[in-house]
file coords.txt (compact mmCIF, C-alpha atoms and all ligand atoms)
# COMPACT_ATOMS: atom_id res chain seq x y z
CA MET A 28 90.90 89.83 157.51
CA ARG A 29 92.68 89.46 154.18
CA ALA A 30 95.40 91.87 153.07
CA VAL A 31 98.03 92.04 150.36
CA VAL A 32 101.47 92.43 151.96
CA VAL A 33 105.15 92.00 151.11
CA ARG A 34 107.70 90.28 153.35
CA ARG A 35 110.57 90.68 150.84
CA PHE A 36 111.10 93.06 147.95
CA GLY A 37 110.90 92.04 144.31
CA GLY A 38 108.55 91.69 141.35
CA PRO A 39 104.77 91.17 141.47
CA GLU A 40 105.38 87.57 142.57
CA VAL A 41 106.35 88.74 146.10
CA LEU A 42 102.82 90.03 146.74
CA GLU A 43 101.23 87.80 149.35
CA PHE A 44 97.53 87.47 150.08
CA ALA A 45 97.68 87.00 153.87
CA GLU A 46 95.40 86.62 156.89
CA VAL A 47 96.16 89.47 159.31
CA PRO A 48 94.40 90.96 162.36
CA VAL A 49 91.81 93.66 161.68
CA PRO A 50 93.53 97.01 162.49
CA GLU A 51 92.19 99.05 165.41
CA PRO A 52 91.68 102.82 164.97
CA GLY A 53 93.47 105.11 167.42
CA PRO A 54 92.43 108.61 168.50
CA GLY A 55 91.42 110.77 165.54
CA GLN A 56 91.22 107.77 163.25
CA VAL A 57 88.47 105.86 161.48
CA ARG A 58 88.34 102.30 160.23
CA VAL A 59 86.99 101.86 156.71
CA ARG A 60 85.60 98.64 155.28
CA VAL A 61 87.30 98.68 151.90
CA ALA A 62 85.09 98.47 148.82
CA ALA A 63 87.78 99.52 146.34
CA ALA A 64 91.51 100.29 146.42
CA ALA A 65 93.37 101.78 143.47
CA VAL A 66 96.81 100.65 142.29
CA ASN A 67 99.36 103.47 142.00
CA PRO A 68 103.00 103.64 140.84
CA VAL A 69 104.03 104.21 144.48
CA ASP A 70 102.74 100.72 145.33
CA LEU A 71 105.00 99.20 142.68
CA ALA A 72 107.97 101.18 144.00
CA THR A 73 107.21 100.08 147.58
CA ARG A 74 106.92 96.42 146.55
CA ALA A 75 110.17 96.56 144.60
CA GLY A 76 112.03 98.08 147.58
CA VAL A 77 112.81 101.32 145.74
CA LEU A 78 111.26 103.46 148.47
CA SER A 79 113.09 101.59 151.23
CA ALA A 80 116.40 102.02 149.40
CA ALA A 81 115.62 105.74 149.09
CA GLY A 82 114.96 105.98 152.85
CA VAL A 83 111.28 106.84 152.37
CA VAL A 84 109.94 103.61 153.89
CA PRO A 85 111.43 102.44 157.21
CA PRO A 86 112.46 98.76 157.59
CA ARG A 87 109.42 96.56 158.35
CA ALA A 88 109.08 92.76 158.50
CA VAL A 89 105.68 93.05 156.82
CA LEU A 90 104.62 95.95 154.61
CA GLY A 91 101.05 96.60 153.50
CA LEU A 92 100.34 98.31 150.19
CA GLY A 93 97.74 100.73 148.89
CA TRP A 94 97.12 104.44 149.42
CA ASP A 95 93.75 105.02 147.74
CA VAL A 96 90.58 103.71 149.30
CA ALA A 97 86.83 104.00 148.99
CA GLY A 98 84.41 102.19 151.23
CA VAL A 99 82.18 102.53 154.26
CA VAL A 100 83.12 103.76 157.73
CA ASP A 101 83.05 100.75 160.03
CA ASP A 102 84.34 102.38 163.24
CA ALA A 103 84.14 106.17 163.38
CA GLY A 104 85.94 106.52 166.73
CA GLY A 105 85.18 109.94 168.15
CA THR A 106 85.57 111.66 164.78
CA ARG A 107 83.13 113.75 162.71
CA PHE A 108 82.23 110.63 160.67
CA ARG A 109 79.52 108.08 161.45
CA ALA A 110 79.51 104.33 161.00
CA GLY A 111 77.94 103.63 157.60
CA ASP A 112 79.22 106.80 155.90
CA ALA A 113 80.37 106.20 152.32
CA VAL A 114 83.85 107.72 152.11
CA LEU A 115 87.07 107.96 150.14
CA GLY A 116 90.48 108.64 151.57
CA LEU A 117 94.24 108.52 151.33
CA ARG A 118 96.64 106.50 153.42
CA ASP A 119 99.69 108.75 153.21
CA ARG A 120 101.43 107.25 156.27
CA ILE A 121 103.64 104.88 154.35
CA ALA A 122 105.31 103.47 157.49
CA LEU A 123 102.09 101.82 158.71
CA PRO A 124 102.15 98.02 158.49
CA LEU A 125 98.86 97.75 156.56
CA GLY A 126 97.46 99.66 153.59
CA ALA A 127 94.33 99.86 151.49
CA TYR A 128 94.87 96.52 149.70
CA ALA A 129 92.85 94.86 152.47
CA ASP A 130 89.37 94.18 153.80
CA TYR A 131 89.75 97.05 156.31
CA VAL A 132 92.08 100.03 156.59
CA VAL A 133 92.62 102.59 159.34
CA LEU A 134 93.03 106.21 158.25
CA ASP A 135 93.45 109.56 160.01
CA ALA A 136 90.02 111.21 159.91
CA SER A 137 91.66 114.29 158.36
CA ALA A 138 92.57 112.14 155.33
CA VAL A 139 88.96 111.10 154.68
CA ALA A 140 86.09 112.73 152.75
CA LEU A 141 82.44 111.83 152.36
CA ALA A 142 81.94 110.32 148.90
CA PRO A 143 79.99 112.63 146.59
CA PRO A 144 76.56 111.25 145.66
CA GLY A 145 76.56 109.36 142.39
CA LEU A 146 80.19 108.27 142.59
CA SER A 147 80.65 104.49 142.89
CA PRO A 148 83.34 103.17 145.27
CA VAL A 149 85.38 101.96 142.28
CA GLU A 150 85.24 105.45 140.75
CA ALA A 151 85.94 107.16 144.07
CA ALA A 152 89.04 105.03 144.73
CA THR A 153 90.72 106.40 141.59
CA LEU A 154 90.75 109.97 142.90
CA PRO A 155 92.60 110.62 146.18
CA LEU A 156 96.29 110.23 145.31
CA THR A 157 96.03 111.41 141.71
CA ALA A 158 93.74 114.41 142.25
CA LEU A 159 95.47 115.67 145.40
CA THR A 160 98.92 115.33 143.82
CA ALA A 161 97.84 117.28 140.75
CA ALA A 162 96.22 119.99 142.89
CA GLN A 163 99.16 120.27 145.28
CA ALA A 164 101.63 120.38 142.38
CA LEU A 165 99.67 123.20 140.79
CA ASP A 166 99.77 125.06 144.12
CA LEU A 167 103.54 125.30 143.64
CA VAL A 168 103.14 127.10 140.30
CA GLU A 169 102.85 130.89 140.34
CA THR A 170 102.57 131.74 136.66
CA ALA A 171 99.33 132.88 135.07
CA GLY A 172 100.73 132.02 131.63
CA THR A 173 101.57 128.76 129.89
CA VAL A 174 102.06 125.46 131.69
CA LEU A 175 103.50 122.34 130.08
CA VAL A 176 102.24 118.98 131.41
CA THR A 177 104.30 115.89 130.55
CA GLY A 178 102.63 112.49 130.94
CA ALA A 179 99.35 114.31 130.29
CA ALA A 180 97.40 111.11 129.57
CA GLY A 181 98.49 109.63 132.90
CA ALA A 182 96.38 109.64 136.02
CA VAL A 183 98.14 112.57 137.70
CA GLY A 184 98.95 114.34 134.43
CA GLY A 185 95.34 114.20 133.26
CA TYR A 186 94.12 115.92 136.41
CA ALA A 187 96.97 118.42 136.19
CA VAL A 188 95.70 119.33 132.71
CA ALA A 189 92.12 119.66 133.96
CA LEU A 190 93.00 121.75 137.03
CA ALA A 191 95.42 124.02 135.16
CA HIS A 192 92.76 124.62 132.51
CA ALA A 193 90.21 125.41 135.24
CA ARG A 194 92.67 127.95 136.69
CA GLY A 195 92.78 129.73 133.35
CA LEU A 196 96.31 128.72 132.36
CA ARG A 197 97.21 127.92 128.75
CA VAL A 198 97.93 124.19 128.89
CA VAL A 199 100.40 122.44 126.58
CA ALA A 200 100.03 118.67 126.95
CA VAL A 201 102.70 116.08 126.11
CA ALA A 202 101.43 112.54 125.52
CA GLY A 203 101.41 109.78 122.90
CA GLU A 204 99.76 110.55 119.53
CA ALA A 205 96.88 108.20 120.34
CA ASP A 206 96.02 110.25 123.45
CA GLU A 207 95.56 113.64 121.76
CA ALA A 208 91.75 113.53 121.88
CA LEU A 209 91.80 112.41 125.53
CA VAL A 210 94.06 115.22 126.74
CA ARG A 211 92.23 117.86 124.70
CA GLU A 212 88.97 116.70 126.28
CA LEU A 213 90.59 117.07 129.71
CA GLY A 214 91.41 120.70 128.90
CA ALA A 215 94.65 120.91 126.89
CA ASP A 216 94.89 123.95 124.59
CA GLU A 217 97.92 122.63 122.70
CA PHE A 218 99.20 119.11 122.08
CA VAL A 219 102.81 118.01 121.60
CA PRO A 220 103.44 114.32 120.82
CA ARG A 221 105.95 112.66 123.16
CA GLY A 222 109.34 111.86 121.63
CA PRO A 223 112.73 113.34 120.81
CA ASP A 224 113.46 117.08 120.54
CA LEU A 225 110.63 117.90 122.91
CA ALA A 226 111.96 121.33 123.87
CA GLU A 227 112.26 122.45 120.23
CA ARG A 228 108.71 121.31 119.46
CA VAL A 229 107.29 123.03 122.57
CA ARG A 230 109.21 126.22 121.75
CA ALA A 231 107.79 126.18 118.23
CA LEU A 232 104.36 126.59 119.84
CA VAL A 233 105.44 128.76 122.76
CA PRO A 234 108.27 131.06 121.63
CA GLY A 235 110.90 131.31 124.38
CA GLY A 236 109.52 128.30 126.25
CA ALA A 237 106.70 127.52 128.67
CA ASP A 238 106.42 129.49 131.90
CA ALA A 239 106.19 126.30 133.97
CA VAL A 240 106.25 122.53 133.62
CA LEU A 241 104.54 119.83 135.67
CA ASP A 242 106.81 116.90 134.81
CA THR A 243 104.65 113.90 135.69
CA ALA A 244 106.44 111.72 133.08
CA LEU A 245 109.73 112.29 134.94
CA LEU A 246 111.51 113.58 131.82
CA GLY A 247 113.84 115.81 133.86
CA LEU A 248 116.28 117.80 131.71
CA ASP A 249 114.26 117.38 128.51
CA ALA A 250 111.27 118.99 130.22
CA LEU A 251 113.41 121.68 131.87
CA ASP A 252 114.77 122.66 128.46
CA ALA A 253 111.22 123.43 127.30
CA VAL A 254 110.80 126.05 130.08
CA ARG A 255 111.85 129.69 129.67
CA GLY A 256 114.71 131.12 131.72
CA GLY A 257 113.43 132.04 135.20
CA GLY A 258 110.42 129.73 134.79
CA GLU A 259 109.13 127.01 137.09
CA PHE A 260 109.63 123.23 137.21
CA VAL A 261 107.68 120.81 139.42
CA ALA A 262 109.19 117.33 139.91
CA PHE A 263 107.16 114.30 140.93
CA ALA A 264 109.75 111.90 142.32
CA ALA A 265 112.92 111.94 144.37
CA GLY A 266 115.77 111.95 141.87
CA ALA A 267 113.58 113.38 139.08
CA ALA A 268 114.38 117.03 139.83
CA PRO A 269 117.01 118.47 137.46
CA ASN A 270 119.52 121.12 138.49
CA PRO A 271 117.98 124.62 138.35
CA LEU A 272 119.67 125.72 135.11
CA ARG A 273 118.91 129.16 133.60
CA GLY A 274 117.32 130.35 136.84
CA VAL A 275 114.40 127.93 136.58
CA ARG A 276 112.93 127.41 140.05
CA VAL A 277 112.82 123.65 140.63
CA ARG A 278 110.51 122.25 143.30
CA GLY A 279 109.24 118.79 144.14
CA VAL A 280 105.69 117.91 145.16
CA TRP A 281 105.13 115.43 148.00
CA ILE A 282 101.54 114.35 148.34
CA ARG A 283 99.81 114.92 151.67
CA ALA A 284 96.37 113.79 152.67
CA ASP A 285 93.70 116.50 152.86
CA GLY A 286 90.16 115.23 153.31
CA ASP A 287 88.48 118.61 152.93
CA ARG A 288 90.20 119.36 149.64
CA LEU A 289 89.62 115.82 148.42
CA ALA A 290 85.87 116.29 148.90
CA GLY A 291 85.90 119.22 146.49
CA LEU A 292 88.12 117.51 143.94
CA ALA A 293 86.04 114.32 143.98
CA ALA A 294 82.91 116.35 143.31
CA THR A 295 84.38 118.00 140.23
CA LEU A 296 87.00 115.84 138.50
CA PRO A 297 85.95 112.96 136.22
CA PRO A 298 86.89 109.55 137.70
CA ARG A 299 89.12 107.49 135.40
CA VAL A 300 88.73 103.72 135.88
CA ALA A 301 91.00 101.57 133.70
CA ASP A 302 89.77 98.21 134.97
CA VAL A 303 88.53 96.40 138.08
CA LEU A 304 90.19 93.24 139.47
CA PRO A 305 89.63 91.14 142.60
CA LEU A 306 92.03 91.96 145.47
CA GLY A 307 93.67 88.56 145.08
CA HIS A 308 94.75 89.61 141.57
CA ALA A 309 96.98 92.43 142.83
CA ALA A 310 100.04 90.90 141.13
CA GLU A 311 98.30 91.03 137.74
CA ALA A 312 97.39 94.68 138.35
CA HIS A 313 101.02 95.48 139.19
CA GLU A 314 102.20 93.77 136.00
CA ARG A 315 99.72 95.71 133.88
CA LEU A 316 100.61 99.07 135.42
CA ALA A 317 104.33 98.38 134.98
CA ALA A 318 103.83 97.45 131.32
CA GLY A 319 102.56 100.99 130.54
CA GLY A 320 99.60 102.04 128.45
CA VAL A 321 97.10 101.94 131.34
CA ARG A 322 94.78 104.95 131.13
CA GLY A 323 93.21 105.86 134.46
CA ARG A 324 93.56 103.60 137.50
CA LEU A 325 93.35 99.84 137.95
CA VAL A 326 91.12 99.18 140.95
CA LEU A 327 91.14 96.20 143.33
CA THR A 328 87.97 95.05 145.08
CA PRO A 329 88.05 92.79 148.17
N1 LIG B 401 105.59 113.06 144.49
C1 LIG B 401 104.34 112.69 144.71
O1 LIG B 401 103.74 113.09 145.71
C2 LIG B 401 103.66 111.80 143.70
C3 LIG B 401 102.31 111.45 143.87
C4 LIG B 401 101.69 110.67 142.89
C5 LIG B 401 102.42 110.21 141.79
N2 LIG B 401 103.74 110.54 141.71
C6 LIG B 401 104.55 110.08 140.57
O2 LIG B 401 104.09 110.76 139.42
C7 LIG B 401 104.33 109.95 138.28
C8 LIG B 401 103.02 109.84 137.47
O3 LIG B 401 102.07 109.13 138.23
P1 LIG B 401 100.73 108.62 137.56
O4 LIG B 401 99.95 108.00 138.64
O5 LIG B 401 100.12 109.69 136.74
O6 LIG B 401 101.29 107.47 136.58
P2 LIG B 401 100.59 106.94 135.25
O7 LIG B 401 99.12 106.98 135.37
O8 LIG B 401 101.27 105.66 134.92
O9 LIG B 401 100.99 108.04 134.16
C9 LIG B 401 102.26 108.23 133.66
C10 LIG B 401 102.07 108.69 132.24
O10 LIG B 401 103.31 109.13 131.69
C11 LIG B 401 103.36 108.62 130.36
N3 LIG B 401 104.72 108.68 129.88
C12 LIG B 401 105.74 107.85 130.11
N4 LIG B 401 106.84 108.27 129.45
C13 LIG B 401 106.47 109.40 128.78
C14 LIG B 401 107.15 110.29 127.90
N5 LIG B 401 108.43 110.10 127.58
N6 LIG B 401 106.48 111.35 127.41
C15 LIG B 401 105.19 111.56 127.74
N7 LIG B 401 104.47 110.74 128.53
C16 LIG B 401 105.13 109.67 129.05
C17 LIG B 401 102.79 107.25 130.48
O11 LIG B 401 102.43 106.70 129.23
P3 LIG B 401 102.50 105.10 129.01
O12 LIG B 401 101.54 104.50 129.99
O13 LIG B 401 102.08 104.95 127.58
O14 LIG B 401 103.92 104.70 129.27
C18 LIG B 401 101.57 107.55 131.34
O15 LIG B 401 100.49 108.03 130.55
C19 LIG B 401 104.81 108.60 138.80
O16 LIG B 401 106.22 108.56 138.70
C20 LIG B 401 104.40 108.61 140.26
O17 LIG B 401 105.22 107.80 141.06
C21 LIG B 401 104.37 111.32 142.64

call {"tool": "encode", "arguments": {"input": "coords.txt", "output": "structure tokens"}}
result
Amino acid sequence: MRAVVVRRFGGPEVLEFAEVPVPEPGPGQVRVRVAAAAVNPVDLATRAGVLSAAGVVPPRAVLGLGWDVAGVVDDAGGTRFRAGDAVLGLRDRIALPLGAYADYVVLDASAVALAPPGLSPVEAATLPLTALTAAQALDLVETAGTVLVTGAAGAVGGYAVALAHARGLRVVAVAGEADEALVRELGADEFVPRGPDLAERVRALVPGGADAVLDTALLGLDALDAVRGGGEFVAFAAGAAPNPLRGVRVRGVWIRADGDRLAGLAATLPPRVADVLPLGHAAEAHERLAAGGVRGRLVLTP
């Protein structure tokens, strides 16, 4: 089968479209024939070697890429799925040699959900990593008050806005001026344009500061400063968690696959497709995501 892999770290040019053996599912696993695989920031970090340098990815001669997949079950093993089921899922085992940028991918059955009716594979592939991260980040937040979401127009940030709104929180969204209508449609009650003096501008709307922040834009201290003393901060990357000044409780979210929860999220959240490219154009997708300004997910199709 064909798969996009890296044998050395670097820019998009190190992505290799290779012939590799079709992976065999083990106990508790299913093999999915990939119809669509989304491109996430974690794929860029893996390709560049950032995750290996951080000790998150073990040394491998060949590394596959891609966490998000939608497609059809090809080998259901002894799991609850059946061959032919339309599914979506998350490959959260980053040490495996092959990922979702491929003709086939093997996933733990617990990481897989049946695709809701009416959702195309391209749409479905945009959901697993982004929706589960937003939901699991919100799980870490205890307040019933005001939550600030930085990077609110981003894929994770947009779902964080939607899920926080659905939970009844007052949502203050930080994004570029051009994205105000988008984030309000997703559920933001207040909008603060990104830029300097963020904390002062948030505090003008929320005297004393927000009760919590979901810092998907990785602003760190600038976002922490917008939170009240004793509030809550959720970080989205290793190294993006500031020191817990003023008694703010700082926690980091680490995505984990959860097929059952994914089924519910996929049935309710709006899919956000930025564009669709052939699998062989993975390098172009990486360049576009790195350049910024992508709204929703770029999706690769084998
Ligand atoms: N820890 C975990 O388990 C986990 C899981 C998933 C994702 N993540 C991380 O979460 C982060 C967000 O992921 P994503 O998929 O949502 O990425 P994304 O779709 O690229 O969204 C990031 C958003 O942040 C915006 N942004 C950048 N700088 C900003 C600023 N100063 N103020 C406000 N907004 C700003 C970007 O705008 P422009 O495009 O205009 O620059 C973009 O809209 C990434 O760092 C990713 O690696 C972590």

call {"tool": "residues_around", "arguments": {"input": "coords.txt", "residues": "Gly235 of chain A", "least_positions_apart": "3", "cutoff": "10 Å", "atoms": "all atoms listed in the file", "output": "list of chain:residue names"}}
result
A:Glu227, A:Val229, A:Arg230, A:Ala231, A:Leu232, A:Asp238, A:Ala253, A:Val254, A:Arg255, A:Gly256

call {"tool": "residues_around", "arguments": {"input": "coords.txt", "residues": "Thr177 of chain A", "least_positions_apart": "5", "cutoff": "9 Å", "atoms": "all atoms listed in the file", "output": "JSON, numbers by chain"}}
result
{"A": [184, 199, 200, 201, 202, 221, 240, 241, 242, 243, 244, 245, 246, 250]}

call {"tool": "closest_residue", "arguments": {"input": "coords.txt", "among": "A:Gly286, A:Pro234, A:Pro298, A:Gly82", "to": "Gly116 of chain A", "atoms": "all atoms listed in the file"}}
result
A:Gly286

call {"tool": "residues_around", "arguments": {"input": "coords.txt", "residues": "Glu259 of chain A", "least_positions_apart": "5", "cutoff": "7 Å", "atoms": "all atoms listed in the file", "output": "ChimeraX atom specification"}}
result
/A:168,238-240,275-277

call {"tool": "residues_around", "arguments": {"input": "coords.txt", "residues": "Ile121 of chain A", "least_positions_apart": "5", "cutoff": "12 Å", "atoms": "all atoms listed in the file", "output": "PyMOL selection string"}}
result
chain A and resi 69-70+72-74+78-79+82-87+90-95+126-127+134+282-284

call {"tool": "closest_residue", "arguments": {"input": "coords.txt", "among": "A:Leu272, A:Val47, A:Ala129, A:Ala97", "to": "Leu156 of chain A", "atoms": "all atoms listed in the file"}}
result
A:Ala97
